[in-house]
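Chemist: This is the structure, below, for whatever I ask next.
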Amino acid sequence: GEDVEQSLFLSVREGDSSVINCTYTDSSSTYLYWYKQEPGAGLQLLTYIFSNMDMKQDQRLTVLLNKKDKHLSLRIADTQTGDSAIYLCAEKGGSSNTGKLIFGQGTTLQVKP
Amino acid sequence: ETGVTQTPRHLVMGMTNKKSLKCEQHLGHNAMYWYKQSAKKPLELMFVYSLEERVENNSVPSRFSPECPNSSHLFLHLHTLQPEDSALYLCASSHHPPGPRNYGYTFGSGTRLTVV
């Protein structure tokens, strides 16, 4: 079945780069997403990548996709304390005709001053 | 506000109560979703509505009953819930199929449900 996995916790110092990793199982995934969730809030779409791309950069965010290994990563450059949140990876399966997204458990990013 | 509004933000209900969660979007999306977020577990997809028709039900107990009266509104009717149903319930909407300008979901802020 479809499965998305992430490590649960990452701690970095302010100003460092953060790299959050995600693996997925559905080889027919078409879109892959990164969402950010702050305490008590819903999910905010940060960025996405289409499966025929291997990299996408958007200001401080860089998404890398290794489709062969089914591995997705999110790099945040110059991490700030305001980046502290839960980051969720999600994939939209190509076999799905309902548009549903499958989410990972989320990685809690802690940024220390 | 993200464009998807959920009410109420917090709800405490007894196991014999009946309540409803409401979700509203005016983004022109044609698909709406209910997700359940429990502590330390991945988001669990509960229901998918596409063009107001339920297209997916992920083995959700019958004590949860969704309703989608039109493309802008989605409800989750709750009755005789259990304490383990306490969670954050998130509504989302999207355009399906996704295209260059319509991708991902827009989520509401969620309803924090506590069953006592």
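Every chain in the structure tokens takes a letter, A first, then B, and so on in the order presented; its residues are numbered from 1, and the ligands are numbered from 1 following the presented order.
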Do me a favour and pick out the residues of chain A within 6 Å of chain B, using only C-alpha atoms, as JSON, numbers by chain.

Modeler: {"A": [41, 42, 43, 99, 103, 104, 105]}

Chemist: Determine, counting only C-alpha atoms, which protein, DNA and RNA residues have an atom within 9 Å of an atom of stretch 73-82 of chain B; residues of the same chain fewer than 4 positions away are not included. Present the result as a PyMOL selection string.

Modeler: chain B and resi 13-26+32-34+49+52+62-69+86+91+115-116

Chemist: If we count only C-alpha atoms and set the cut-off at 7 Å, which residues sit around A:Leu45, ignoring sequence neighbours fewer than 2 positions away in its own chain? Please answer as a PyMOL selection string.

Modeler: chain A and resi 34-36+43+47

Chemist: Counting only C-alpha atoms, which of A:Leu46, A:Val4, A:Ala85, A:Ala90 gets nearest to A:Thr108?

Modeler: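 Ranked by minimum distance to A:Thr108, first place goes to A:Ala85.
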
Chemist: Identify all residues of stretch 48-112 of chain A in strand (DSSP E or B) (DSSP on the backbone) and supply them as number ranges by chain.

Modeler: A: 48-50, 55-58, 61-66, 71-76, 85-92, 101-103, 107-112
